[in-house]
Amino acid sequence: MPQGSVEVAHREAAARETATVDLVIPVYNEQRSLPGCLQVLRDHLEHDFPFQWSITVVDNASTDGTLRVANEMSEALPNVRVLHLDRKGRGLALRTAWGYSDADVVVYMDVDLSTGLDALLPLVAPLVNGHSDLAIGSRLASGSRTIRGAKREMISRAYNKVIRWTHGARFSDAQCGFKAARTDVVKPLLRHVQDDSWFFDTELLLLAEHNGLRVHEVPVDWVEDVDTRVNVTKTATDDLAGLLRVARSKVTGAATVEGLPRRPEPRAAHPQAVLAERENGLLWQLFSFGLIGIVSTVATSVLYALLRSWWPPLLANLVALTVTTLWNTEANRRFTFVGRSAASGRVHVQGLVVFALYYVVTSGALLALDAAAPDASRWLEVLVLIVSSVVGTALRFVLLRSWVFRPASVPSTSEKESA
């Protein structure tokens with residue numbers, strides 16, 4: 001084995017021997033489920049987990065015998081400890097336990113063990129070796145296998161789509177009860193996470209991605225336990241309000257977390273590598289923007305035609321544009337204006353201004369049509385909307401390229417010398 005490979009192997013072996021992992025299990029009125037959970041989990045950790053571990057049971061103000069059962073199990077089983085809170089909240093439990101933990105890696109899992117434990121090692125390993133900062137189990141990633149009811153499946157998929165459309169998130173499953181994080185990374189994030197309930201997971205992941213951290217996804221096997229304490233309707237409402245709050249934090253700059261480790265830019269390992277350059281010239285931008293614009297225009301027109309059956313023109317146009325603009329902006333950020341860095345707050349604010357101008361152009365065309373031909377057919381309305389959308393799209397490209405995603409200024413020779 002080459003000398004370099006031997007050194008890497010030794011470092012990895014040392015990490016496995018010294019890394020500590022704290023597995024946190026929040027519980028509320030779980031006196032029936034807790035003993036079986038701890039027995040199964042400890043058996044798995046003792047036989048199939050190579051790192052040093054401990055289990056922290058966090059009692060969230062249970063009103064049954066959960067705390068008594070937890071204390072009895074802690075006295076009987078080594079490496080099991082109990083933390084009691086006088087206030088409910090899954091997010092509060094994780095914030096408190098993770099904040100107190102002195103382990104290298106902290107883990108969260110549900111007491112019902114819905115997620116298969118064979119995914120635990122793939123979840124933790126990328127954090128121990130430093131490849132990733134946070135890791136999540138995903139029921140929606142390729143390779144995952146789930147058994148759950150149609151209602152929860154539909155709600156989960158819809159919610160995660162909303163996150164991706166509104167925030168450009170790259171992770172696929174925000175709320176799977178199976179997550180881990182490097183402690184040195186998650187503690188600064190915890191100071192910025194405001195939610196103490198079920199939105200905690202989503203807010204943590206959005207802040208992590210916003211601050212350039214790497215989130216590793218693990219496909220999991222997941223079986224639904226119908227004995228749940230989750231109020232689906234209230235949770236969904238709170239989650240949507242949370243998404244708006246996080247978006248506002250990004251705009252104001254409050255979502256930026258200081259003191260986080262920064263990863264270096266990717267570079268080739270091979271010394272003779274011939275590196276490719278990102279396509280970011282004007283021709284590529286026109287092609288990418290035009291293709292995205294065509295898809296957006298078609299989607300807007302179809303959605304407008306559907307909404308126009310119930311709503312007046314301006315309202316139908318506003319809703320159709322809002323929905324498609326969320327996707328359009330994120331697509332252009334990822335594919336059209338690649339490599340043009342900009343302050344997140346400025347981009348969001350200026351993006352709203354561009355959207356407002358686009359809406360003025362398209363809505364103004366509809367108002368002009370209504371004034372000139374009050375009895376115009378629905379198809380003529382759609383045609384006018386398409387034409388005005390093309391004009392608005394051209395204006396949008398110019399503003400995005402020259403204003404929102406303007407190229408970074410190159411310092412002059414005198415500035416370089418003074419630096």
# chains A, B, ... in the order shown; residues from 1 in each chain; ligands from 1
$ residues_around --residues "segment 189-202 of chain A" --least-positions-apart "3" --cutoff "8 Å" --atoms "only C-alpha atoms" --output "compact mmCIF listing (two decimals) with C-alpha atoms, in the first residue's frame"
# COMPACT_ATOMS: atom_id res chain seq x y z
CA GLY A 89 -41.27 21.18 21.90
CA ARG A 90 -39.26 18.79 19.76
CA GLY A 91 -37.05 21.65 18.57
CA LEU A 92 -36.53 22.80 22.16
CA ALA A 93 -35.43 19.28 23.12
CA ARG A 95 -31.59 22.62 20.86
CA GLY A 99 -26.23 22.53 22.90
CA ALA A 174 -36.78 18.17 5.67
CA GLN A 175 -38.76 16.37 8.34
CA VAL A 185 -20.93 23.26 13.28
CA VAL A 186 -24.41 22.89 14.73
CA LEU A 205 -31.32 22.87 7.22
CA LEU A 206 -32.23 26.11 5.44
CA LEU A 207 -29.75 28.05 7.58
CA ALA A 208 -27.08 25.41 6.95
CA THR A 235 -47.83 21.64 11.98
CA ASP A 238 -46.72 26.62 11.45
CA ASP A 239 -44.28 25.32 8.82
CA GLY A 242 -41.77 29.49 9.36
CA ALA A 255 -29.73 34.24 8.54
CA VAL A 257 -24.12 32.81 10.85
$ atom_distance --atom1 "atom CA of Ser138 of chain A" --atom2 "atom CA of Ser172 of chain A"
6.6 Å
$ residues_around --residues "Val215 of chain A" --least-positions-apart "4" --cutoff "7 Å" --atoms "only C-alpha atoms" --output "number ranges by chain"
A: 132-135
$ select_by_dssp --residues "segment 96-226 of chain A" --states "helix (DSSP H, G or I)" --output "number ranges by chain"
A: 96-100, 117-128, 150-167, 183-190, 200-210
$ select_by_dssp --residues "segment 129-369 of chain A" --states "strand (DSSP E or B)" --output "ChimeraX atom specification"
/A:134-138,145-147,178-182,215-219,221-223
$ write_last_selection --atoms "N, CA and C atoms" --output "PDB file, in the first residue's frame"
ATOM      1  N   LEU A 134     -23.650  18.375   8.061  1.00  0.00           N
ATOM      2  CA  LEU A 134     -24.885  17.811   8.581  1.00  0.00           C
ATOM      3  C   LEU A 134     -25.265  16.620   7.709  1.00  0.00           C
ATOM      4  N   ALA A 135     -26.062  15.714   8.254  1.00  0.00           N
ATOM      5  CA  ALA A 135     -26.522  14.559   7.497  1.00  0.00           C
ATOM      6  C   ALA A 135     -27.979  14.294   7.854  1.00  0.00           C
ATOM      7  N   ILE A 136     -28.770  13.918   6.861  1.00  0.00           N
ATOM      8  CA  ILE A 136     -30.188  13.669   7.093  1.00  0.00           C
ATOM      9  C   ILE A 136     -30.613  12.373   6.413  1.00  0.00           C
ATOM     10  N   GLY A 137     -31.524  11.666   7.048  1.00  0.00           N
ATOM     11  CA  GLY A 137     -32.169  10.549   6.398  1.00  0.00           C
ATOM     12  C   GLY A 137     -33.273  11.083   5.502  1.00  0.00           C
ATOM     13  N   SER A 138     -33.442  10.484   4.329  1.00  0.00           N
ATOM     14  CA  SER A 138     -34.454  10.957   3.385  1.00  0.00           C
ATOM     15  C   SER A 138     -35.355   9.808   2.946  1.00  0.00           C
ATOM     16  N   ARG A 145     -36.987   3.378   0.799  1.00  0.00           N
ATOM     17  CA  ARG A 145     -38.171   2.534   0.768  1.00  0.00           C
ATOM     18  C   ARG A 145     -39.050   2.895   1.963  1.00  0.00           C
ATOM     19  N   THR A 146     -40.307   3.226   1.710  1.00  0.00           N
ATOM     20  CA  THR A 146     -41.187   3.679   2.780  1.00  0.00           C
ATOM     21  C   THR A 146     -42.510   2.925   2.753  1.00  0.00           C
ATOM     22  N   ILE A 147     -43.075   2.783   3.941  1.00  0.00           N
ATOM     23  CA  ILE A 147     -44.434   2.247   4.089  1.00  0.00           C
ATOM     24  C   ILE A 147     -45.198   3.248   4.939  1.00  0.00           C
ATOM     25  N   PHE A 178     -34.534  11.670  11.535  1.00  0.00           N
ATOM     26  CA  PHE A 178     -33.281  10.924  11.505  1.00  0.00           C
ATOM     27  C   PHE A 178     -32.214  11.858  10.964  1.00  0.00           C
ATOM     28  N   LYS A 179     -31.505  12.566  11.862  1.00  0.00           N
ATOM     29  CA  LYS A 179     -30.557  13.593  11.446  1.00  0.00           C
ATOM     30  C   LYS A 179     -29.318  13.558  12.332  1.00  0.00           C
ATOM     31  N   ALA A 180     -28.233  14.107  11.819  1.00  0.00           N
ATOM     32  CA  ALA A 180     -26.990  14.188  12.584  1.00  0.00           C
ATOM     33  C   ALA A 180     -26.239  15.437  12.165  1.00  0.00           C
ATOM     34  N   ALA A 181     -25.334  15.881  13.040  1.00  0.00           N
ATOM     35  CA  ALA A 181     -24.555  17.079  12.744  1.00  0.00           C
ATOM     36  C   ALA A 181     -23.252  17.045  13.524  1.00  0.00           C
ATOM     37  N   ARG A 182     -22.216  17.652  12.940  1.00  0.00           N
ATOM     38  CA  ARG A 182     -20.989  17.887  13.692  1.00  0.00           C
ATOM     39  C   ARG A 182     -21.283  18.935  14.760  1.00  0.00           C
ATOM     40  N   VAL A 215     -24.717  19.357   3.292  1.00  0.00           N
ATOM     41  CA  VAL A 215     -25.723  18.472   3.888  1.00  0.00           C
ATOM     42  C   VAL A 215     -25.711  17.151   3.125  1.00  0.00           C
ATOM     43  N   HIS A 216     -25.425  16.079   3.827  1.00  0.00           N
ATOM     44  CA  HIS A 216     -25.357  14.738   3.231  1.00  0.00           C
ATOM     45  C   HIS A 216     -26.701  14.037   3.413  1.00  0.00           C
ATOM     46  N   GLU A 217     -27.201  13.411   2.348  1.00  0.00           N
ATOM     47  CA  GLU A 217     -28.479  12.698   2.400  1.00  0.00           C
ATOM     48  C   GLU A 217     -28.263  11.199   2.338  1.00  0.00           C
ATOM     49  N   VAL A 218     -29.008  10.472   3.158  1.00  0.00           N
ATOM     50  CA  VAL A 218     -28.929   9.017   3.189  1.00  0.00           C
ATOM     51  C   VAL A 218     -30.317   8.447   2.891  1.00  0.00           C
ATOM     52  N   PRO A 219     -30.478   7.654   1.831  1.00  0.00           N
ATOM     53  CA  PRO A 219     -31.773   6.989   1.598  1.00  0.00           C
ATOM     54  C   PRO A 219     -32.058   6.022   2.746  1.00  0.00           C
ATOM     55  N   ASP A 221     -34.887   3.225   4.896  1.00  0.00           N
ATOM     56  CA  ASP A 221     -36.106   2.424   4.974  1.00  0.00           C
ATOM     57  C   ASP A 221     -36.938   2.997   6.105  1.00  0.00           C
ATOM     58  N   TRP A 222     -38.198   3.268   5.851  1.00  0.00           N
ATOM     59  CA  TRP A 222     -39.015   3.974   6.843  1.00  0.00           C
ATOM     60  C   TRP A 222     -40.408   3.371   6.887  1.00  0.00           C
ATOM     61  N   VAL A 223     -40.854   3.022   8.091  1.00  0.00           N
ATOM     62  CA  VAL A 223     -42.175   2.425   8.294  1.00  0.00           C
ATOM     63  C   VAL A 223     -42.968   3.319   9.228  1.00  0.00           C
TER      64      VAL A 223
END
$ residues_around --residues "Leu399 of chain A" --least-positions-apart "5" --cutoff "10 Å" --atoms "only C-alpha atoms" --output "PDB file with C-alpha atoms, in the first residue's frame"
ATOM      1  CA  GLN A 350     -33.717  43.218  -6.171  1.00  0.00           C
ATOM      2  CA  GLY A 351     -35.424  40.028  -7.341  1.00  0.00           C
ATOM      3  CA  VAL A 353     -38.252  44.600  -7.676  1.00  0.00           C
ATOM      4  CA  VAL A 354     -37.712  42.748 -10.970  1.00  0.00           C
ATOM      5  CA  THR A 393     -39.022  38.276 -19.923  1.00  0.00           C
ATOM      6  CA  ALA A 394     -36.622  40.322 -22.050  1.00  0.00           C
ATOM      7  CA  VAL A 404     -29.169  41.486  -9.749  1.00  0.00           C
ATOM      8  CA  PHE A 405     -26.364  39.150 -10.882  1.00  0.00           C
ATOM      9  CA  ARG A 406     -23.972  41.789 -12.122  1.00  0.00           C
TER      10      ARG A 406
END
$ residues_around --residues "Leu41 of chain A" --least-positions-apart "4" --cutoff "9 Å" --atoms "only C-alpha atoms" --output "number ranges by chain"
A: 36-37, 45-46, 113, 117
$ write_last_selection --atoms "C-alpha atoms" --output "compact mmCIF listing (two decimals), in the first residue's frame"
# COMPACT_ATOMS: atom_id res chain seq x y z
CA GLY A 36 -38.38 -1.14 23.48
CA CYS A 37 -36.66 1.74 21.70
CA LEU A 45 -24.98 0.21 18.85
CA GLU A 46 -23.10 -2.47 20.78
CA LEU A 113 -37.56 3.88 15.39
CA LEU A 117 -31.05 1.56 11.99
$ atom_distance --atom1 "atom CA of Ala268 of chain A" --atom2 "atom CA of Phe287 of chain A"
28.5 Å
$ residues_around --residues "segment 327-332 of chain A" --least-positions-apart "2" --cutoff "12 Å" --atoms "only C-alpha atoms" --output "number ranges by chain"
A: 161-170, 280, 284-300, 320-325, 334-340, 347-348, 350-352, 354-355, 393, 396-397, 400-401, 404-405
$ atom_distance --atom1 "atom CA of Leu94 of chain A" --atom2 "atom CA of Gly253 of chain A"
24.7 Å
$ closest_residue --among "A:Asn60, A:Leu383, A:Ala70, A:Phe49" --to "Arg87 of chain A" --atoms "only C-alpha atoms"
A:Asn60
$ residues_around --residues "Asp110 of chain A" --least-positions-apart "4" --cutoff "7 Å" --atoms "only C-alpha atoms" --output "PyMOL selection string"
chain A and resi 25-26+177
$ write_last_selection --atoms "all heavy atoms" --output "PDB file, in the first residue's frame"
ATOM      1  N   ILE A  25     -32.967  11.355  21.835  1.00  0.00           N
ATOM      2  CA  ILE A  25     -34.318  10.863  21.568  1.00  0.00           C
ATOM      3  C   ILE A  25     -35.306  11.723  22.347  1.00  0.00           C
ATOM      4  O   ILE A  25     -35.451  11.568  23.568  1.00  0.00           O
ATOM      5  CB  ILE A  25     -34.473   9.389  21.974  1.00  0.00           C
ATOM      6  CG1 ILE A  25     -33.413   8.529  21.289  1.00  0.00           C
ATOM      7  CG2 ILE A  25     -35.874   8.880  21.647  1.00  0.00           C
ATOM      8  CD1 ILE A  25     -33.408   7.092  21.740  1.00  0.00           C
ATOM      9  N   PRO A  26     -36.000  12.681  21.693  1.00  0.00           N
ATOM     10  CA  PRO A  26     -37.024  13.469  22.382  1.00  0.00           C
ATOM     11  C   PRO A  26     -38.273  12.610  22.608  1.00  0.00           C
ATOM     12  O   PRO A  26     -38.679  11.844  21.722  1.00  0.00           O
ATOM     13  CB  PRO A  26     -37.323  14.618  21.408  1.00  0.00           C
ATOM     14  CG  PRO A  26     -36.271  14.535  20.351  1.00  0.00           C
ATOM     15  CD  PRO A  26     -35.823  13.112  20.311  1.00  0.00           C
ATOM     16  N   GLY A 177     -37.364  12.068  10.832  1.00  0.00           N
ATOM     17  CA  GLY A 177     -36.818  12.084  12.183  1.00  0.00           C
ATOM     18  C   GLY A 177     -35.536  11.300  12.312  1.00  0.00           C
ATOM     19  O   GLY A 177     -35.439  10.364  13.131  1.00  0.00           O
TER      20      GLY A 177
END
$ decode --residues "segment 77-94 of chain A" --atoms "N, CA and C atoms" --output "PDB file, in the first residue's frame"
ATOM      1  N   LEU A  77     -29.168   0.743  32.380  1.00  0.00           N
ATOM      2  CA  LEU A  77     -28.398   0.595  31.148  1.00  0.00           C
ATOM      3  C   LEU A  77     -27.236   1.594  31.115  1.00  0.00           C
ATOM      4  N   PRO A  78     -26.013   1.134  30.885  1.00  0.00           N
ATOM      5  CA  PRO A  78     -24.868   2.048  30.768  1.00  0.00           C
ATOM      6  C   PRO A  78     -25.006   2.948  29.536  1.00  0.00           C
ATOM      7  N   ASN A  79     -24.414   4.117  29.617  1.00  0.00           N
ATOM      8  CA  ASN A  79     -24.358   5.072  28.498  1.00  0.00           C
ATOM      9  C   ASN A  79     -25.721   5.648  28.113  1.00  0.00           C
ATOM     10  N   VAL A  80     -26.687   5.537  29.006  1.00  0.00           N
ATOM     11  CA  VAL A  80     -28.010   6.138  28.774  1.00  0.00           C
ATOM     12  C   VAL A  80     -28.250   7.186  29.852  1.00  0.00           C
ATOM     13  N   ARG A  81     -28.553   8.416  29.434  1.00  0.00           N
ATOM     14  CA  ARG A  81     -28.805   9.490  30.382  1.00  0.00           C
ATOM     15  C   ARG A  81     -30.131  10.157  30.056  1.00  0.00           C
ATOM     16  N   VAL A  82     -30.651  10.906  31.023  1.00  0.00           N
ATOM     17  CA  VAL A  82     -31.975  11.513  30.883  1.00  0.00           C
ATOM     18  C   VAL A  82     -31.872  13.016  31.123  1.00  0.00           C
ATOM     19  N   LEU A  83     -32.551  13.766  30.283  1.00  0.00           N
ATOM     20  CA  LEU A  83     -32.653  15.219  30.441  1.00  0.00           C
ATOM     21  C   LEU A  83     -34.134  15.572  30.473  1.00  0.00           C
ATOM     22  N   HIS A  84     -34.571  16.263  31.521  1.00  0.00           N
ATOM     23  CA  HIS A  84     -35.991  16.622  31.671  1.00  0.00           C
ATOM     24  C   HIS A  84     -36.197  18.104  31.408  1.00  0.00           C
ATOM     25  N   LEU A  85     -37.213  18.423  30.603  1.00  0.00           N
ATOM     26  CA  LEU A  85     -37.591  19.807  30.317  1.00  0.00           C
ATOM     27  C   LEU A  85     -39.015  20.031  30.803  1.00  0.00           C
ATOM     28  N   ASP A  86     -39.282  21.226  31.302  1.00  0.00           N
ATOM     29  CA  ASP A  86     -40.617  21.553  31.805  1.00  0.00           C
ATOM     30  C   ASP A  86     -41.532  22.100  30.720  1.00  0.00           C
ATOM     31  N   ARG A  87     -41.018  22.195  29.497  1.00  0.00           N
ATOM     32  CA  ARG A  87     -41.799  22.761  28.399  1.00  0.00           C
ATOM     33  C   ARG A  87     -41.734  21.830  27.195  1.00  0.00           C
ATOM     34  N   LYS A  88     -42.858  21.702  26.481  1.00  0.00           N
ATOM     35  CA  LYS A  88     -42.919  20.848  25.301  1.00  0.00           C
ATOM     36  C   LYS A  88     -42.198  21.501  24.125  1.00  0.00           C
ATOM     37  N   GLY A  89     -41.864  20.670  23.135  1.00  0.00           N
ATOM     38  CA  GLY A  89     -41.268  21.175  21.900  1.00  0.00           C
ATOM     39  C   GLY A  89     -40.135  20.295  21.439  1.00  0.00           C
ATOM     40  N   ARG A  90     -40.311  19.646  20.289  1.00  0.00           N
ATOM     41  CA  ARG A  90     -39.259  18.788  19.760  1.00  0.00           C
ATOM     42  C   ARG A  90     -38.004  19.599  19.458  1.00  0.00           C
ATOM     43  N   GLY A  91     -38.193  20.792  18.856  1.00  0.00           N
ATOM     44  CA  GLY A  91     -37.052  21.650  18.575  1.00  0.00           C
ATOM     45  C   GLY A  91     -36.344  22.100  19.841  1.00  0.00           C
ATOM     46  N   LEU A  92     -37.118  22.411  20.878  1.00  0.00           N
ATOM     47  CA  LEU A  92     -36.526  22.805  22.159  1.00  0.00           C
ATOM     48  C   LEU A  92     -35.681  21.672  22.722  1.00  0.00           C
ATOM     49  N   ALA A  93     -36.176  20.438  22.607  1.00  0.00           N
ATOM     50  CA  ALA A  93     -35.432  19.279  23.115  1.00  0.00           C
ATOM     51  C   ALA A  93     -34.099  19.127  22.397  1.00  0.00           C
ATOM     52  N   LEU A  94     -34.108  19.238  21.083  1.00  0.00           N
ATOM     53  CA  LEU A  94     -32.877  19.079  20.317  1.00  0.00           C
ATOM     54  C   LEU A  94     -31.923  20.244  20.563  1.00  0.00           C
TER      55      LEU A  94
END
